[in-house]
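K.L.:
See model-v6.pdb below, with PDB, C-alpha atoms, pLDDT in the B column.
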```pdb
ATOM      1  CA  MET A   1     -19.902 -42.164 -69.610  1.00 88.00           C
ATOM      2  CA  ASP A   2     -18.013 -38.964 -69.144  1.00 92.00           C
ATOM      3  CA  GLU A   3     -15.732 -37.035 -71.530  1.00 92.00           C
ATOM      4  CA  LEU A   4     -12.700 -39.187 -70.667  1.00 95.00           C
ATOM      5  CA  ASP A   5     -14.581 -42.440 -71.326  1.00 95.00           C
ATOM      6  CA  THR A   6     -15.776 -41.002 -74.635  1.00 93.00           C
ATOM      7  CA  ALA A   7     -12.218 -40.037 -75.588  1.00 94.00           C
ATOM      8  CA  ILE A   8     -10.914 -43.495 -74.652  1.00 95.00           C
ATOM      9  CA  VAL A   9     -13.575 -45.204 -76.784  1.00 94.00           C
ATOM     10  CA  ALA A  10     -12.853 -42.925 -79.759  1.00 92.00           C
ATOM     11  CA  GLU A  11      -9.113 -43.474 -79.492  1.00 93.00           C
ATOM     12  CA  LEU A  12      -9.420 -47.263 -79.173  1.00 94.00           C
ATOM     13  CA  GLN A  13     -11.705 -47.354 -82.220  1.00 91.00           C
ATOM     14  CA  ARG A  14      -9.060 -45.424 -84.140  1.00 90.00           C
ATOM     15  CA  ASP A  15      -6.315 -47.839 -83.065  1.00 92.00           C
ATOM     16  CA  GLY A  16      -7.241 -50.817 -80.924  1.00 92.00           C
ATOM     17  CA  ARG A  17      -3.693 -52.208 -81.006  1.00 93.00           C
ATOM     18  CA  GLN A  18      -2.030 -49.354 -79.128  1.00 95.00           C
ATOM     19  CA  THR A  19      -0.606 -50.086 -75.711  1.00 96.00           C
ATOM     20  CA  ASN A  20      -2.127 -48.729 -72.527  1.00 96.00           C
ATOM     21  CA  ARG A  21       0.901 -46.454 -72.148  1.00 97.00           C
ATOM     22  CA  GLU A  22       0.421 -45.025 -75.668  1.00 97.00           C
ATOM     23  CA  LEU A  23      -3.284 -44.511 -75.051  1.00 97.00           C
ATOM     24  CA  ALA A  24      -2.582 -42.746 -71.745  1.00 97.00           C
ATOM     25  CA  GLU A  25      -0.015 -40.471 -73.414  1.00 97.00           C
ATOM     26  CA  ARG A  26      -2.425 -39.534 -76.203  1.00 96.00           C
ATOM     27  CA  LEU A  27      -5.100 -38.633 -73.658  1.00 97.00           C
ATOM     28  CA  ASP A  28      -2.659 -36.994 -71.241  1.00 97.00           C
ATOM     29  CA  ILE A  29      -3.658 -39.181 -68.287  1.00 97.00           C
ATOM     30  CA  ALA A  30      -1.806 -41.557 -65.989  1.00 97.00           C
ATOM     31  CA  PRO A  31      -1.419 -45.125 -67.311  1.00 96.00           C
ATOM     32  CA  SER A  32      -3.045 -46.494 -64.149  1.00 97.00           C
ATOM     33  CA  THR A  33      -6.105 -44.258 -64.680  1.00 96.00           C
ATOM     34  CA  CYS A  34      -6.261 -45.295 -68.317  1.00 97.00           C
ATOM     35  CA  LEU A  35      -6.085 -48.998 -67.501  1.00 97.00           C
ATOM     36  CA  GLU A  36      -8.763 -48.664 -64.816  1.00 97.00           C
ATOM     37  CA  ARG A  37     -11.081 -46.803 -67.221  1.00 97.00           C
ATOM     38  CA  VAL A  38     -10.582 -49.322 -70.059  1.00 97.00           C
ATOM     39  CA  ARG A  39     -11.265 -52.210 -67.676  1.00 97.00           C
ATOM     40  CA  SER A  40     -14.410 -50.444 -66.471  1.00 97.00           C
ATOM     41  CA  LEU A  41     -15.580 -49.862 -70.064  1.00 97.00           C
ATOM     42  CA  ARG A  42     -15.009 -53.548 -70.839  1.00 96.00           C
ATOM     43  CA  SER A  43     -16.729 -54.862 -67.713  1.00 96.00           C
ATOM     44  CA  GLY A  44     -19.618 -52.429 -68.269  1.00 96.00           C
ATOM     45  CA  GLY A  45     -20.172 -53.782 -71.780  1.00 95.00           C
ATOM     46  CA  VAL A  46     -19.251 -50.585 -73.627  1.00 95.00           C
ATOM     47  CA  ILE A  47     -16.174 -52.219 -75.181  1.00 95.00           C
ATOM     48  CA  GLU A  48     -17.035 -55.749 -76.226  1.00 94.00           C
ATOM     49  CA  GLY A  49     -13.737 -56.739 -77.803  1.00 91.00           C
ATOM     50  CA  PHE A  50     -10.965 -55.910 -80.242  1.00 88.00           C
ATOM     51  CA  HIS A  51     -11.120 -57.287 -83.764  1.00 84.00           C
ATOM     52  CA  ALA A  52      -9.132 -57.525 -86.977  1.00 85.00           C
ATOM     53  CA  GLU A  53     -10.824 -56.086 -90.049  1.00 86.00           C
ATOM     54  CA  VAL A  54     -10.579 -58.622 -92.883  1.00 90.00           C
ATOM     55  CA  ASN A  55     -10.549 -57.699 -96.588  1.00 93.00           C
ATOM     56  CA  LEU A  56     -13.143 -59.977 -98.217  1.00 94.00           C
ATOM     57  CA  ASP A  57     -11.523 -59.652-101.656  1.00 95.00           C
ATOM     58  CA  ALA A  58      -8.225 -60.897-100.240  1.00 96.00           C
ATOM     59  CA  ILE A  59      -9.838 -64.065 -98.866  1.00 96.00           C
ATOM     60  CA  GLY A  60     -11.707 -64.901-102.053  1.00 96.00           C
ATOM     61  CA  ARG A  61     -15.152 -63.527-101.164  1.00 97.00           C
ATOM     62  CA  PRO A  62     -15.442 -60.369-103.299  1.00 97.00           C
ATOM     63  CA  VAL A  63     -19.197 -60.584-103.963  1.00 97.00           C
ATOM     64  CA  GLN A  64     -21.554 -59.342-101.262  1.00 97.00           C
ATOM     65  CA  ALA A  65     -25.325 -59.571-101.237  1.00 98.00           C
ATOM     66  CA  LEU A  66     -28.259 -58.776 -98.984  1.00 98.00           C
ATOM     67  CA  ILE A  67     -30.862 -61.507 -98.761  1.00 98.00           C
ATOM     68  CA  ASN A  68     -34.322 -60.515 -97.519  1.00 98.00           C
ATOM     69  CA  VAL A  69     -36.271 -63.397 -95.997  1.00 98.00           C
ATOM     70  CA  ARG A  70     -39.856 -63.741 -94.873  1.00 97.00           C
ATOM     71  CA  LEU A  71     -40.855 -66.691 -92.689  1.00 96.00           C
ATOM     72  CA  HIS A  72     -44.102 -68.535 -92.195  1.00 94.00           C
ATOM     73  CA  PRO A  73     -45.238 -69.051 -89.537  1.00 90.00           C
ATOM     74  CA  LYS A  74     -43.852 -66.030 -87.668  1.00 88.00           C
ATOM     75  CA  VAL A  75     -43.435 -67.723 -84.322  1.00 93.00           C
ATOM     76  CA  ARG A  76     -40.551 -67.305 -81.904  1.00 95.00           C
ATOM     77  CA  GLU A  77     -39.222 -70.829 -82.404  1.00 95.00           C
ATOM     78  CA  ALA A  78     -39.115 -70.463 -86.205  1.00 94.00           C
ATOM     79  CA  VAL A  79     -37.418 -67.059 -86.007  1.00 96.00           C
ATOM     80  CA  GLU A  80     -34.795 -68.206 -83.494  1.00 96.00           C
ATOM     81  CA  ASN A  81     -34.100 -71.480 -85.339  1.00 96.00           C
ATOM     82  CA  PHE A  82     -33.627 -69.762 -88.687  1.00 97.00           C
ATOM     83  CA  ARG A  83     -31.526 -66.971 -87.144  1.00 97.00           C
ATOM     84  CA  ASP A  84     -29.179 -69.476 -85.499  1.00 97.00           C
ATOM     85  CA  TYR A  85     -29.050 -71.695 -88.602  1.00 97.00           C
ATOM     86  CA  VAL A  86     -28.150 -68.923 -91.050  1.00 97.00           C
ATOM     87  CA  ALA A  87     -25.712 -67.212 -88.635  1.00 98.00           C
ATOM     88  CA  ALA A  88     -23.663 -70.433 -88.463  1.00 97.00           C
ATOM     89  CA  LEU A  89     -23.145 -70.634 -92.241  1.00 97.00           C
ATOM     90  CA  PRO A  90     -19.626 -69.592 -93.312  1.00 97.00           C
ATOM     91  CA  GLU A  91     -20.865 -67.242 -96.056  1.00 97.00           C
ATOM     92  CA  THR A  92     -22.922 -65.203 -93.571  1.00 98.00           C
ATOM     93  CA  LEU A  93     -21.390 -61.888 -92.520  1.00 97.00           C
ATOM     94  CA  ALA A  94     -24.345 -60.457 -90.582  1.00 97.00           C
ATOM     95  CA  VAL A  95     -27.920 -61.358 -89.696  1.00 98.00           C
ATOM     96  CA  PHE A  96     -30.515 -58.710 -88.952  1.00 98.00           C
ATOM     97  CA  VAL A  97     -33.884 -59.679 -87.481  1.00 97.00           C
ATOM     98  CA  VAL A  98     -36.142 -56.865 -88.660  1.00 97.00           C
ATOM     99  CA  SER A  99     -39.708 -55.589 -88.606  1.00 95.00           C
ATOM    100  CA  GLY A 100     -41.775 -54.626 -91.622  1.00 92.00           C
ATOM    101  CA  GLY A 101     -42.424 -56.793 -94.632  1.00 93.00           C
ATOM    102  CA  ASP A 102     -39.399 -59.025 -94.086  1.00 96.00           C
ATOM    103  CA  ASP A 103     -38.247 -60.929 -91.045  1.00 97.00           C
ATOM    104  CA  PHE A 104     -34.522 -61.076 -91.841  1.00 98.00           C
ATOM    105  CA  ILE A 105     -31.848 -59.327 -93.836  1.00 98.00           C
ATOM    106  CA  ILE A 106     -28.791 -61.515 -94.255  1.00 98.00           C
ATOM    107  CA  GLN A 107     -25.497 -60.079 -95.463  1.00 98.00           C
ATOM    108  CA  VAL A 108     -23.282 -62.623 -97.209  1.00 98.00           C
ATOM    109  CA  GLY A 109     -19.845 -62.651 -98.807  1.00 97.00           C
ATOM    110  CA  VAL A 110     -19.298 -65.202-101.586  1.00 98.00           C
ATOM    111  CA  ARG A 111     -16.872 -66.052-104.424  1.00 98.00           C
ATOM    112  CA  ASP A 112     -19.119 -65.218-107.371  1.00 97.00           C
ATOM    113  CA  ALA A 113     -22.699 -65.118-108.666  1.00 97.00           C
ATOM    114  CA  GLY A 114     -22.829 -68.918-108.935  1.00 97.00           C
ATOM    115  CA  HIS A 115     -21.798 -69.307-105.312  1.00 98.00           C
ATOM    116  CA  LEU A 116     -24.492 -66.796-104.335  1.00 98.00           C
ATOM    117  CA  ARG A 117     -27.142 -68.703-106.305  1.00 98.00           C
ATOM    118  CA  ASP A 118     -26.091 -71.991-104.689  1.00 98.00           C
ATOM    119  CA  PHE A 119     -26.116 -70.419-101.230  1.00 98.00           C
ATOM    120  CA  VAL A 120     -29.641 -69.053-101.680  1.00 98.00           C
ATOM    121  CA  LEU A 121     -31.049 -72.243-103.209  1.00 97.00           C
ATOM    122  CA  ASP A 122     -29.221 -74.808-101.079  1.00 96.00           C
ATOM    123  CA  HIS A 123     -29.183 -73.081 -97.699  1.00 96.00           C
ATOM    124  CA  VAL A 124     -31.831 -70.375 -97.535  1.00 97.00           C
ATOM    125  CA  ALA A 125     -34.748 -71.176 -99.833  1.00 94.00           C
ATOM    126  CA  ARG A 126     -34.989 -74.828 -98.844  1.00 91.00           C
ATOM    127  CA  HIS A 127     -35.306 -74.096 -95.112  1.00 91.00           C
ATOM    128  CA  ARG A 128     -38.719 -75.345 -93.955  1.00 90.00           C
ATOM    129  CA  ASN A 129     -40.132 -72.010 -92.698  1.00 93.00           C
ATOM    130  CA  ILE A 130     -39.292 -69.850 -95.728  1.00 96.00           C
ATOM    131  CA  ALA A 131     -42.212 -67.960 -97.288  1.00 96.00           C
ATOM    132  CA  ASP A 132     -40.232 -65.590 -99.541  1.00 96.00           C
ATOM    133  CA  VAL A 133     -36.612 -64.814-100.464  1.00 97.00           C
ATOM    134  CA  ARG A 134     -35.289 -61.765-102.355  1.00 98.00           C
ATOM    135  CA  THR A 135     -31.631 -61.195-103.089  1.00 98.00           C
ATOM    136  CA  SER A 136     -29.893 -57.885-103.858  1.00 97.00           C
ATOM    137  CA  LEU A 137     -26.312 -57.689-105.062  1.00 97.00           C
ATOM    138  CA  VAL A 138     -24.183 -55.102-103.243  1.00 97.00           C
ATOM    139  CA  TYR A 139     -22.257 -52.800-105.607  1.00 96.00           C
ATOM    140  CA  ASP A 140     -20.484 -50.722-102.971  1.00 93.00           C
ATOM    141  CA  HIS A 141     -20.158 -51.213 -99.229  1.00 88.00           C
ATOM    142  CA  ILE A 142     -18.980 -48.450 -96.936  1.00 88.00           C
ATOM    143  CA  ARG A 143     -18.588 -49.690 -93.401  1.00 84.00           C
ATOM    144  CA  LYS A 144     -17.931 -47.360 -90.520  1.00 84.00           C
ATOM    145  CA  THR A 145     -15.183 -48.681 -88.307  1.00 81.00           C
ATOM    146  CA  SER A 146     -15.955 -46.348 -85.442  1.00 84.00           C
ATOM    147  CA  VAL A 147     -19.121 -45.226 -83.721  1.00 86.00           C
ATOM    148  CA  GLU A 148     -19.345 -41.786 -82.188  1.00 87.00           C
ATOM    149  CA  VAL A 149     -20.639 -41.732 -78.632  1.00 83.00           C
ATOM    150  CA  LEU A 150     -23.675 -39.481 -78.502  1.00 84.00           C
ATOM    151  CA  PRO A 151     -24.100 -37.068 -75.607  1.00 79.00           C
ATOM    152  CA  PRO A 152     -26.705 -38.076 -73.038  1.00 77.00           C
ATOM    153  CA  GLU A 153     -30.251 -37.126 -73.935  1.00 79.00           C
ATOM    154  CA  ARG A 154     -31.402 -34.008 -72.167  1.00 76.00           C
ATOM    155  CA  PRO A 155     -34.700 -34.332 -70.323  1.00 74.00           C
ATOM    156  CA  SER A 156     -37.521 -32.784 -72.287  1.00 71.00           C
ATOM    157  CA  ARG A 157     -39.328 -29.829 -70.822  1.00 69.00           C
ATOM    158  CA  PRO A 158     -42.941 -30.353 -69.858  1.00 66.00           C
ATOM    159  CA  ARG A 159     -45.381 -28.824 -72.282  1.00 64.00           C
ATOM    160  CA  THR A 160     -47.453 -25.938 -71.126  1.00 63.00           C
ATOM    161  CA  GLY A 161     -51.188 -26.392 -71.333  1.00 59.00           C
ATOM    162  CA  ARG A 162     -52.006 -23.459 -73.611  1.00 57.00           C
ATOM    163  CA  ARG A 163     -55.466 -23.483 -75.069  1.00 55.00           C
ATOM    164  CA  ARG A 164     -56.259 -22.299 -78.527  1.00 52.00           C
TER     165      ARG A 164
END
```
What do you get writing this file as structure tokens?
P.N.:
Amino acid sequence: MDELDTAIVAELQRDGRQTNRELAERLDIAPSTCLERVRSLRSGGVIEGFHAEVNLDAIGRPVQALINVRLHPKVREAVENFRDYVAALPETLAVFVVSGGDDFIIQVGVRDAGHLRDFVLDHVARHRNIADVRTSLVYDHIRKTSVEVLPPERPSRPRTGRRR
């Protein structure tokens, strides 16, 4: 990615609904160049799609929680089955397969504390490979809507073999 690709990504994250002509004008490039670059970023997997950001309060899911899950046994089939199962549930917002003490962190959005309790008991805790479940209520959630493209890593210099 060069500086123009980085600028295109930043601008589309700021406003993904702008037309190609508007984007080209903002970046001071030809619309044909802009379109070619955006297509290249999409086909190269840098831009995966354009999405609407939904207000969870407005759709009746104001309570968010993080559910930490540990499985037993920790075998690929159990991990993949649970991941796919929990990702398909409508309350699930995100599923993270993690290392450390837990195997998963599941972010959910629910109506209220009762809905959260029912979700954990009826859908998570009763799954056959569950060893442990811990739930944390989210008080505040700040979500970044754009990701800054980092500059390429510079090659490290070889260390000199100084003796002490």
K.L.:
Of the candidates A:Leu56, A:Phe96, A:Phe50, A:Asp2, which shows the shortest atom-to-atom distance to A:Arg14, using only C-alpha atoms?
P.N.:
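Under the stated criterion, the closest residue is A:Phe50.
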K.L.:
Smallest atom-to-atom distance to A:Gln13: which of A:Leu116, A:Glu53, A:Val133, A:Ile105, using all atoms listed in the file?
P.N.:
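With all atoms listed in the file as the atom set, the closest residue is A:Glu53.
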K.L.:
Can you pull out every residue within 10 Å of stretch 80-87 of chain A, counting only C-alpha atoms, but drop anything in the same chain fewer than 6 positions away, and send it as a list in words?
P.N.:
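Final neighbour list, sorted by chain and number: Leu71, Leu93, Ala94, Val95, Phe96, Val97, Asp103, Phe104, Ile106, Gln107, His123, Val124, His127, Arg128, Asn129 and Ile130 of chain A.
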K.L.:
Using 9 Å as the limit and counting all atoms listed in the file, can you tabulate each residue of stretch 42-141 of chain A that touches stretch 20-38 of chain A, with its shortest atom-to-atom distance in Å and the two atoms involved, as a tab-separated table?
P.N.:
```
residue	atom	partner	partner_atom	distance
A:Arg42	CA	A:Val38	CA	6.2
A:Ser43	CA	A:Val38	CA	8.6
A:Ile47	CA	A:Val38	CA	8.1
```
K.L.:
Find the residues around A:Gly109 up to 9 Å (all atoms listed in the file counted), leave out those fewer than 4 positions away in its own chain, and share them as a list in words.
P.N.:
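That gives Leu56, Arg61, Pro62, Val63, Gln64, Ala65, Pro90, Glu91, Thr92, Leu93 and Leu116 of chain A.
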K.L.:
Have a look at atom CA of A:Gly60 and atom CA of A:Val110 and let me know their distance in Å, one decimal.
P.N.:
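Separation of atom CA of A:Gly60 and atom CA of A:Val110: 7.6 Å.
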K.L.:
How big is the axis-aligned box, and where does its centre sit, when it encloses all atoms of stretch 97-103 of chain A listed in the file and has 4 Å added on every side, reported in Å to one decimal as lines of an AutoDock Vina configuration file?
P.N.:
```
center_x = -38.2
center_y = -57.8
center_z = -91.1
size_x = 16.5
size_y = 14.3
size_z = 15.2
```
